[in-house]
Every structure is written in C-alpha cells, then in structure tokens.
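Student: File follows, my_file_6.cif with mmCIF, C-alpha atoms and all ligand atoms:
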data_data
#
loop_
_atom_site.group_PDB
_atom_site.id
_atom_site.type_symbol
_atom_site.label_atom_id
_atom_site.label_comp_id
_atom_site.auth_asym_id
_atom_site.auth_seq_id
_atom_site.Cartn_x
_atom_site.Cartn_y
_atom_site.Cartn_z
ATOM 1 C CA MET A 1 2.811 -49.218 62.656
ATOM 2 C CA ALA A 2 2.542 -45.897 64.398
ATOM 3 C CA ASP A 3 5.105 -45.050 67.030
ATOM 4 C CA THR A 4 3.685 -45.791 70.465
ATOM 5 C CA ILE A 5 5.353 -42.735 72.007
ATOM 6 C CA ALA A 6 3.789 -39.519 70.733
ATOM 7 C CA PRO A 7 6.553 -37.346 69.224
ATOM 8 C CA ALA A 8 5.546 -34.552 71.619
ATOM 9 C CA LEU A 9 6.654 -36.763 74.519
ATOM 10 C CA ALA A 10 9.658 -38.361 72.818
ATOM 11 C CA GLY A 11 12.322 -35.655 73.245
ATOM 12 C CA GLU A 12 15.023 -35.824 75.897
ATOM 13 C CA LYS A 13 14.800 -33.041 78.466
ATOM 14 C CA GLU A 14 18.383 -33.343 79.706
ATOM 15 C CA VAL A 15 21.233 -32.390 77.388
ATOM 16 C CA ALA A 16 24.860 -33.049 78.326
ATOM 17 C CA PRO A 17 27.251 -30.063 77.980
ATOM 18 C CA LEU A 18 28.128 -28.947 74.453
ATOM 19 C CA ALA A 19 31.852 -28.597 73.784
ATOM 20 C CA ASN A 20 31.989 -27.064 70.320
ATOM 21 C CA PRO A 21 28.585 -27.118 68.633
ATOM 22 C CA VAL A 22 27.341 -25.965 65.250
ATOM 23 C CA PHE A 23 23.659 -25.024 65.001
ATOM 24 C CA ILE A 24 21.365 -25.313 61.994
ATOM 25 C CA ALA A 25 17.594 -24.979 61.566
ATOM 26 C CA ASP A 26 14.890 -24.391 58.993
ATOM 27 C CA LEU A 27 16.486 -26.227 56.074
ATOM 28 C CA HIS A 28 13.047 -27.377 54.946
ATOM 29 C CA LEU A 29 14.555 -30.374 53.175
ATOM 30 C CA ALA A 30 12.270 -31.969 50.606
ATOM 31 C CA PRO A 31 12.661 -33.651 47.209
ATOM 32 C CA GLU A 32 11.178 -30.442 45.758
ATOM 33 C CA HIS A 33 14.241 -28.509 47.017
ATOM 34 C CA PRO A 34 17.134 -30.371 45.332
ATOM 35 C CA LYS A 35 19.780 -27.644 45.607
ATOM 36 C CA THR A 36 19.113 -27.140 49.304
ATOM 37 C CA LEU A 37 19.393 -30.890 49.751
ATOM 38 C CA MET A 38 22.772 -30.909 47.957
ATOM 39 C CA GLN A 39 24.000 -28.057 50.140
ATOM 40 C CA PHE A 40 22.981 -30.037 53.217
ATOM 41 C CA PHE A 41 25.083 -32.995 52.067
ATOM 42 C CA ARG A 42 28.020 -30.664 51.373
ATOM 43 C CA PHE A 43 27.616 -29.065 54.797
ATOM 44 C CA MET A 44 27.588 -32.472 56.487
ATOM 45 C CA LYS A 45 30.751 -33.431 54.662
ATOM 46 C CA THR A 46 32.793 -30.231 54.768
ATOM 47 C CA GLN A 47 31.660 -28.334 57.899
ATOM 48 C CA VAL A 48 30.333 -30.775 60.473
ATOM 49 C CA PRO A 49 33.740 -32.501 60.938
ATOM 50 C CA TYR A 50 35.078 -29.281 62.554
ATOM 51 C CA TYR A 51 32.580 -29.474 65.428
ATOM 52 C CA SER A 52 31.829 -31.890 68.218
ATOM 53 C CA GLU A 53 28.053 -31.488 68.141
ATOM 54 C CA LEU A 54 25.550 -30.850 65.380
ATOM 55 C CA VAL A 55 22.449 -29.247 66.859
ATOM 56 C CA ILE A 56 19.410 -29.098 64.561
ATOM 57 C CA LEU A 57 16.780 -26.798 66.031
ATOM 58 C CA GLY A 58 13.714 -27.727 64.022
ATOM 59 C CA ASP A 59 12.324 -27.783 60.495
ATOM 60 C CA LEU A 60 15.141 -29.913 59.133
ATOM 61 C CA PHE A 61 12.371 -31.208 56.872
ATOM 62 C CA ASP A 62 9.679 -29.279 55.071
ATOM 63 C CA TYR A 63 7.200 -31.885 56.293
ATOM 64 C CA TRP A 64 7.398 -35.175 58.142
ATOM 65 C CA LEU A 65 4.618 -37.706 57.815
ATOM 66 C CA GLY A 66 5.806 -39.935 60.620
ATOM 67 C CA ASP A 67 8.803 -42.141 61.337
ATOM 68 C CA ASP A 68 7.162 -45.008 59.468
ATOM 69 C CA ALA A 69 7.775 -42.993 56.253
ATOM 70 C CA ILE A 70 11.501 -42.706 57.014
ATOM 71 C CA ASP A 71 12.457 -44.347 53.694
ATOM 72 C CA THR A 72 11.580 -41.126 51.867
ATOM 73 C CA ALA A 73 14.464 -39.457 53.730
ATOM 74 C CA ALA A 74 17.016 -42.271 53.460
ATOM 75 C CA PRO A 75 19.914 -40.107 52.121
ATOM 76 C CA VAL A 76 19.435 -37.524 54.901
ATOM 77 C CA VAL A 77 19.316 -40.268 57.532
ATOM 78 C CA LYS A 78 22.485 -41.737 56.051
ATOM 79 C CA ALA A 79 24.339 -38.395 56.224
ATOM 80 C CA LEU A 80 23.336 -37.863 59.856
ATOM 81 C CA ALA A 81 24.142 -41.468 60.778
ATOM 82 C CA TYR A 82 27.575 -41.025 59.221
ATOM 83 C CA ALA A 83 28.224 -37.941 61.369
ATOM 84 C CA SER A 84 27.304 -39.823 64.523
ATOM 85 C CA SER A 85 29.409 -42.802 63.408
ATOM 86 C CA ILE A 86 32.519 -40.584 63.330
ATOM 87 C CA GLY A 87 31.835 -39.416 66.878
ATOM 88 C CA LYS A 88 29.726 -36.306 66.397
ATOM 89 C CA ARG A 89 26.830 -35.857 68.775
ATOM 90 C CA VAL A 90 23.734 -35.107 66.729
ATOM 91 C CA LEU A 91 20.832 -33.431 68.524
ATOM 92 C CA ILE A 92 17.535 -32.850 66.760
ATOM 93 C CA ALA A 93 14.557 -30.777 67.858
ATOM 94 C CA GLN A 94 11.209 -30.820 66.112
ATOM 95 C CA GLY A 95 10.034 -27.705 64.312
ATOM 96 C CA ASN A 96 6.500 -26.830 63.354
ATOM 97 C CA ARG A 97 6.913 -28.527 59.959
ATOM 98 C CA ASP A 98 8.438 -31.729 61.281
ATOM 99 C CA VAL A 99 6.617 -31.891 64.588
ATOM 100 C CA MET A 100 6.090 -35.638 63.995
ATOM 101 C CA LEU A 101 9.791 -36.536 64.114
ATOM 102 C CA GLY A 102 10.097 -39.277 66.686
ATOM 103 C CA ARG A 103 12.469 -41.635 68.406
ATOM 104 C CA ASP A 104 12.703 -44.093 65.511
ATOM 105 C CA PHE A 105 14.003 -41.351 63.224
ATOM 106 C CA ALA A 106 16.501 -40.212 65.851
ATOM 107 C CA ALA A 107 17.656 -43.777 66.476
ATOM 108 C CA ALA A 108 18.159 -44.392 62.735
ATOM 109 C CA CYS A 109 20.413 -41.301 62.640
ATOM 110 C CA GLY A 110 22.285 -42.210 65.816
ATOM 111 C CA ALA A 111 20.924 -38.897 67.047
ATOM 112 C CA THR A 112 19.150 -37.689 70.166
ATOM 113 C CA LEU A 113 15.721 -36.134 69.854
ATOM 114 C CA ILE A 114 15.504 -33.171 72.220
ATOM 115 C CA ALA A 115 12.394 -31.607 73.733
ATOM 116 C CA PRO A 116 11.446 -27.963 73.130
ATOM 117 C CA GLU A 117 13.226 -25.514 75.434
ATOM 118 C CA VAL A 118 16.051 -27.659 76.728
ATOM 119 C CA THR A 119 19.066 -26.117 78.414
ATOM 120 C CA ALA A 120 22.685 -27.116 77.924
ATOM 121 C CA GLU A 121 25.988 -25.867 79.286
ATOM 122 C CA CYS A 122 28.188 -24.361 76.592
ATOM 123 C CA MET A 123 31.106 -21.903 76.632
ATOM 124 C CA GLY A 124 30.780 -21.764 80.422
ATOM 125 C CA LYS A 125 27.246 -20.450 80.057
ATOM 126 C CA LYS A 126 23.756 -21.870 80.046
ATOM 127 C CA PHE A 127 22.072 -22.087 76.646
ATOM 128 C CA LEU A 128 18.326 -22.367 76.085
ATOM 129 C CA LEU A 129 17.646 -24.240 72.833
ATOM 130 C CA SER A 130 14.332 -24.357 70.991
ATOM 131 C CA HIS A 131 12.757 -24.059 67.562
ATOM 132 C CA GLY A 132 11.264 -20.765 68.733
ATOM 133 C CA ASP A 133 7.720 -20.821 67.341
ATOM 134 C CA GLU A 134 6.353 -21.001 70.887
ATOM 135 C CA TRP A 135 7.496 -17.386 71.320
ATOM 136 C CA CYS A 136 5.517 -16.057 68.338
ATOM 137 C CA THR A 137 2.830 -15.223 70.850
ATOM 138 C CA LYS A 138 1.324 -12.310 68.897
ATOM 139 C CA ASP A 139 -0.147 -14.829 66.471
ATOM 140 C CA THR A 140 -2.876 -16.396 68.580
ATOM 141 C CA GLU A 141 -4.328 -18.428 65.680
ATOM 142 C CA TYR A 142 -0.919 -19.966 65.097
ATOM 143 C CA GLN A 143 -0.511 -20.755 68.783
ATOM 144 C CA LYS A 144 -3.835 -22.609 68.761
ATOM 145 C CA PHE A 145 -2.700 -24.637 65.768
ATOM 146 C CA ARG A 146 0.636 -25.292 67.452
ATOM 147 C CA ALA A 147 -1.043 -26.541 70.624
ATOM 148 C CA MET A 148 -3.180 -28.920 68.556
ATOM 149 C CA THR A 149 -0.301 -30.387 66.548
ATOM 150 C CA ARG A 150 1.794 -30.848 69.688
ATOM 151 C CA ASP A 151 -0.977 -32.574 71.595
ATOM 152 C CA PRO A 152 0.117 -36.203 72.192
ATOM 153 C CA ASP A 153 -3.382 -37.630 71.594
ATOM 154 C CA TRP A 154 -3.810 -35.670 68.350
ATOM 155 C CA GLN A 155 -0.399 -36.903 67.220
ATOM 156 C CA LEU A 156 -1.145 -40.556 67.898
ATOM 157 C CA ALA A 157 -4.477 -40.242 66.083
ATOM 158 C CA ALA A 158 -2.753 -38.576 63.108
ATOM 159 C CA LEU A 159 -0.015 -41.222 63.000
ATOM 160 C CA ALA A 160 -2.663 -43.943 62.923
ATOM 161 C CA LEU A 161 -4.045 -42.547 59.635
ATOM 162 C CA PRO A 162 -2.925 -44.092 56.345
ATOM 163 C CA ILE A 163 0.034 -42.340 54.676
ATOM 164 C CA GLU A 164 -2.112 -40.941 51.812
ATOM 165 C CA LYS A 165 -4.370 -39.267 54.342
ATOM 166 C CA ARG A 166 -1.359 -37.809 56.178
ATOM 167 C CA ILE A 167 0.038 -36.447 52.896
ATOM 168 C CA GLU A 168 -3.266 -34.611 52.389
ATOM 169 C CA LEU A 169 -3.094 -33.212 55.923
ATOM 170 C CA ALA A 170 0.505 -32.057 55.440
ATOM 171 C CA LYS A 171 -0.392 -30.366 52.142
ATOM 172 C CA SER A 172 -3.329 -28.518 53.631
ATOM 173 C CA ALA A 173 -1.260 -27.461 56.666
ATOM 174 C CA ARG A 174 1.420 -26.122 54.345
ATOM 175 C CA ALA A 175 -1.123 -24.265 52.203
ATOM 176 C CA LYS A 176 -2.635 -22.788 55.348
ATOM 177 C CA SER A 177 0.762 -21.655 56.593
ATOM 178 C CA ILE A 178 1.605 -20.003 53.241
ATOM 179 C CA GLU A 179 -1.789 -18.282 53.253
ATOM 180 C CA ALA A 180 -1.331 -17.127 56.868
ATOM 181 C CA LYS A 181 2.084 -15.684 56.024
ATOM 182 C CA LYS A 182 0.478 -13.475 53.362
ATOM 183 C CA THR A 183 -1.883 -11.813 55.802
ATOM 184 C CA ALA A 184 0.153 -11.832 59.018
ATOM 185 C CA SER A 185 2.076 -8.674 59.801
ATOM 186 C CA SER A 186 5.813 -8.913 60.071
ATOM 187 C CA VAL A 187 5.568 -8.313 63.825
ATOM 188 C CA MET A 188 3.232 -11.298 64.167
ATOM 189 C CA MET A 189 5.726 -13.557 62.412
ATOM 190 C CA ASP A 190 8.532 -12.714 64.815
ATOM 191 C CA VAL A 191 9.118 -13.853 68.370
ATOM 192 C CA VAL A 192 8.077 -11.565 71.205
ATOM 193 C CA ASP A 193 11.247 -10.529 73.011
ATOM 194 C CA VAL A 194 9.668 -10.369 76.441
ATOM 195 C CA ASP A 195 8.456 -13.963 76.102
ATOM 196 C CA VAL A 196 11.913 -15.151 75.074
ATOM 197 C CA TYR A 197 13.336 -13.206 78.004
ATOM 198 C CA LYS A 198 10.879 -14.810 80.440
ATOM 199 C CA ALA A 199 11.645 -18.293 79.143
ATOM 200 C CA ALA A 200 15.382 -17.653 79.449
ATOM 201 C CA LYS A 201 14.982 -16.360 82.988
ATOM 202 C CA ALA A 202 12.780 -19.310 83.991
ATOM 203 C CA ALA A 203 15.424 -21.679 82.617
ATOM 204 C CA GLY A 204 18.297 -19.751 84.190
ATOM 205 C CA ALA A 205 19.823 -19.323 80.721
ATOM 206 C CA ASP A 206 22.255 -16.654 79.505
ATOM 207 C CA ILE A 207 21.996 -17.355 75.769
ATOM 208 C CA VAL A 208 18.972 -18.384 73.719
ATOM 209 C CA VAL A 209 19.507 -20.048 70.334
ATOM 210 C CA HIS A 210 16.489 -20.610 68.102
ATOM 211 C CA GLY A 211 15.279 -20.726 64.514
ATOM 212 C CA HIS A 212 11.836 -20.475 62.926
ATOM 213 C CA THR A 213 11.674 -16.743 62.187
ATOM 214 C CA HIS A 214 14.143 -16.822 59.255
ATOM 215 C CA ARG A 215 15.688 -13.606 60.607
ATOM 216 C CA PRO A 216 19.288 -14.519 61.398
ATOM 217 C CA ALA A 217 20.750 -12.063 63.888
ATOM 218 C CA SER A 218 21.966 -11.724 67.428
ATOM 219 C CA HIS A 219 20.049 -9.573 69.878
ATOM 220 C CA GLU A 220 20.665 -8.416 73.399
ATOM 221 C CA LEU A 221 17.734 -8.505 75.792
ATOM 222 C CA ALA A 222 19.185 -6.909 78.909
ATOM 223 C CA GLU A 223 21.694 -9.528 80.178
ATOM 224 C CA ILE A 224 20.426 -12.233 77.815
ATOM 225 C CA GLU A 225 21.612 -12.880 74.257
ATOM 226 C CA ARG A 226 19.198 -14.185 71.617
ATOM 227 C CA TRP A 227 20.736 -15.791 68.531
ATOM 228 C CA VAL A 228 18.614 -16.633 65.499
ATOM 229 C CA ILE A 229 19.800 -19.360 63.112
ATOM 230 C CA PRO A 230 19.623 -18.662 59.336
ATOM 231 C CA ASP A 231 17.107 -20.622 57.257
ATOM 232 C CA TRP A 232 18.141 -22.354 54.057
ATOM 233 C CA ASP A 233 16.724 -21.988 50.565
ATOM 234 C CA LEU A 234 18.993 -22.687 47.614
ATOM 235 C CA ASP A 235 16.022 -23.273 45.350
ATOM 236 C CA ALA A 236 14.503 -19.805 45.626
ATOM 237 C CA GLY A 237 16.276 -18.536 42.503
ATOM 238 C CA SER A 238 16.455 -14.923 41.292
ATOM 239 C CA GLY A 239 19.281 -14.010 43.652
ATOM 240 C CA LYS A 240 17.362 -15.005 46.754
ATOM 241 C CA ASP A 241 19.270 -18.209 47.522
ATOM 242 C CA HIS A 242 20.585 -18.332 51.059
ATOM 243 C CA TRP A 243 21.744 -20.694 53.777
ATOM 244 C CA GLY A 244 23.891 -20.574 56.885
ATOM 245 C CA TYR A 245 24.567 -21.694 60.396
ATOM 246 C CA ILE A 246 25.699 -20.550 63.827
ATOM 247 C CA ARG A 247 29.029 -21.858 64.986
ATOM 248 C CA THR A 248 31.179 -21.664 68.066
ATOM 249 C CA VAL A 249 34.583 -20.065 67.630
ATOM 250 C CA ASN A 250 37.304 -21.669 69.788
ATOM 251 C CA GLY A 251 34.577 -22.751 72.203
ATOM 252 C CA GLN A 252 34.377 -19.111 73.304
ATOM 253 C CA ARG A 253 31.889 -17.185 71.249
ATOM 254 C CA LEU A 254 29.135 -17.614 68.706
ATOM 255 C CA GLN A 255 29.240 -16.481 65.100
ATOM 256 C CA ILE A 256 26.581 -16.453 62.398
ATOM 257 C CA ILE A 257 27.870 -17.678 59.029
ATOM 258 C CA MET A 258 25.795 -16.839 55.960
HETATM 259 MN MN MN A 301 9.489 -23.204 61.758
#
Let me see the structure of the file written as structure tokens.

Tutor:
Amino acid sequence: MADTIAPALAGEKEVAPLANPVFIADLHLAPEHPKTLMQFFRFMKTQVPYYSELVILGDLFDYWLGDDAIDTAAPVVKALAYASSIGKRVLIAQGNRDVMLGRDFAAACGATLIAPEVTAECMGKKFLLSHGDEWCTKDTEYQKFRAMTRDPDWQLAALALPIEKRIELAKSARAKSIEAKKTASSVMMDVVDVDVYKAAKAAGADIVVHGHTHRPASHELAEIERWVIPDWDLDAGSGKDHWGYIRTVNGQRLQIIM
C-alpha cells in the first residue's frame, strides 16, 4: 500500500532546539556501495554516541522507491533505530535521490522527518537546514524536474505504481542525472549564494547548513555563514574515497571533519 501522505507533505516544519548535533548528508547508501555502507555503520557506532542529535540532510540513500520497500534498507533502519533507542534525536530530510522518504520510514527509525528549509536554534543562533538543491537555481531544467518530483500528486501517483515500474523510473532518473552532470557547468551544479542568502534572511537564520553540492566548505555571505556537508563515497577507488561530517564542538562552533 502506498503511503496516504505524500512525502512532500510529510516533513515536520518545527524543530526543537539542537543541543549538540552532528550533520551528515549525501551518503548515497545502496547495496552497490558496500564500503560506504560499512563506514555508515561504523560512524553510527563510533561517532554518533558523542552527540545528542544526528541530523541527516538528504540523500542518505542513492534512491528510495517508497516506504513500502523499506525491507531493502533493513540494516540501515536498524542502525538508526538503535541510535534513537539510546536517546539520540534523529532528524532526516529528503534529498533529491530519496525524495520519497516518508513517515513510515521515519517511524521505523524512531526518527523525525523534517521538511525542506526548517529552522532550529543551536549554539544560541538560528540554523536553516535543508538539502540545498533548491538553491541550484542556475540549472532551470533541474529545478523543473525538482518541482515535478516534489509535487504531492505526482508522488502519490508514483507510489501507486508497482515496485518494478518504480525501479525503472529510479534508474532512468539516475541515468538522466549522471548525463546532466556531464554537460552542466560547475557553476550550474553549485548553489547560488544570493538565493541562499535570501532564504536565510527570510527565515531569520544566522547559519545555513546544507548538502547536495558535494563541496564541503564554510562560506561567509555577509553576516550569514553557509556550511556544506561532505558527501560520502568509499567505493570510488583510485584514491578518490572520501566521507565526512559536520560536528559541533563544545556546543559552540561548527567543524567539518573529513
Ligand atoms: Mn543531492
């Protein structure tokens, strides 16, 4: 059965203050990426216990067919459920690859699904949290695709399709995205600072944390800080393996670990 709440409408818009969070994004977990998967389990076991909140800002999975296919991700669900069982707050945002993550998945993990662009108090400041693809505004084709896949009616129609059909759709979307990456300029693949700035201002935020671009760094946009979470790929080989996270240090500042 398809979820009756479209994933686009399923995320919480209110997030309680974060005491000592660790942020991850863009792990692109999939059976085809076994080393990345192992690193995720290690991270859950050895790093997450040091923090009070685990905040996953999108693309935890390389693709997500719908919460009714949750069995394919049972070990990941188990690791997240364990973290919440020992008192960690787990917050999950959808990315462009796992835009179909819904409330059933979050509930199975003891996690909270959060909407795009939520704010949360942290370190005495206001954070704006999002996957970040909405700010890649130079890529108009991508934005059209994004609007389609985040349309609640489109989502419910897609979730009503048989799994085999959804696998085909996911494969073609992935092929399209790989193809688009070949032709898009590097500027097109990045967020547009002024759009991040506007969103931060509209939300009254001091610090923006996002993923998606795979360009881990911290930037200053006038009085606003923009922090980009590292992506993970331990299956790239030939010296290109990488992973990382953003952590809070003593609840006072952020640090990128890679
Ligand atoms: Mn992404």

Student: When you count all atoms listed in the file, which of these residues is closest to Lys13 (chain A): A:Ala93, A:Thr72, A:Trp232, A:Phe61?

Tutor: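 When distances to Lys13 (chain A) are compared using all atoms listed in the file, the smallest one comes from A:Ala93.
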
Student: With only C-alpha atoms as the atoms that count, which of A:Gly251, A:Gly239, A:Pro216, A:Pro17 lies nearest to Lys126 (chain A)?

Tutor: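 Looking only at the distances to Lys126 (chain A), the closest residue turns out to be A:Pro17.
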
Student: Applied to this file, what does the PyMOL selection byres (((not hetatm)) within 9 of (chain A and resi 301)) return in terms of residues, put as number ranges by chain?

Tutor: A: 25-26, 28, 58-59, 94-98, 131-133, 211-214

Student: Expressed in Å to a single decimal, how great is the separation between CA of Ser186 (chain A) and CA of His242 (chain A)?

Tutor: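 Distance reported for this atom pair: 19.7 Å.
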
Student: Name the residues that the PyMOL selection byres (((chain A and resi 225) around 12) and not hetatm) picks from the file above, as a list in words, using the file's chain letters and numbers.

Tutor: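 Those residues are Lys125, Lys126, Phe127, Leu128, Asp193, Val196, Tyr197, Ala200, Lys201, Ala205, Asp206, Ile207, Val208, Val209, His210, Ala217, Ser218, His219, Glu220, Leu221, Ala222, Glu223, Ile224, Arg226, Trp227, Val228, Arg253 and Leu254 of chain A.
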
Student: Given the file shown, determine the residues that the PyMOL selection byres (((chain A and resi 117) around 6) and not hetatm) selects; report them as a PyMOL selection string.

Tutor: chain A and resi 116+118+129-130

Student: Please provide the set of residues having any atom within 7 Å of Pro152 (chain A), restricted to all atoms listed in the file, with same-chain residues fewer than 3 positions apart removed, written as an MDAnalysis selection string.

Tutor: chainID A and resid 6 8:9 155:156

Student: Please list as a list in words every residue within 9 Å of Asp139 (chain A), counting all atoms listed in the file and excluding residues in the same chain fewer than 5 positions away.

Tutor: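 Contacts, in chain order: Lys144, Ala184, Met188 and Met189 of chain A.
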
Student: Which value, in Å to one decimal, gives the distance between CA of Met258 (chain A) and CA of Arg89 (chain A)?

Tutor: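 Taking CA of Met258 (chain A) and CA of Arg89 (chain A), their separation equals 23.0 Å.
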
Student: Which residue is closest to Ile246 (chain A)? Choose from A:Ile56, A:Ala173, A:Met44, A:Val191 and count all atoms listed in the file.

Tutor: A:Ile56
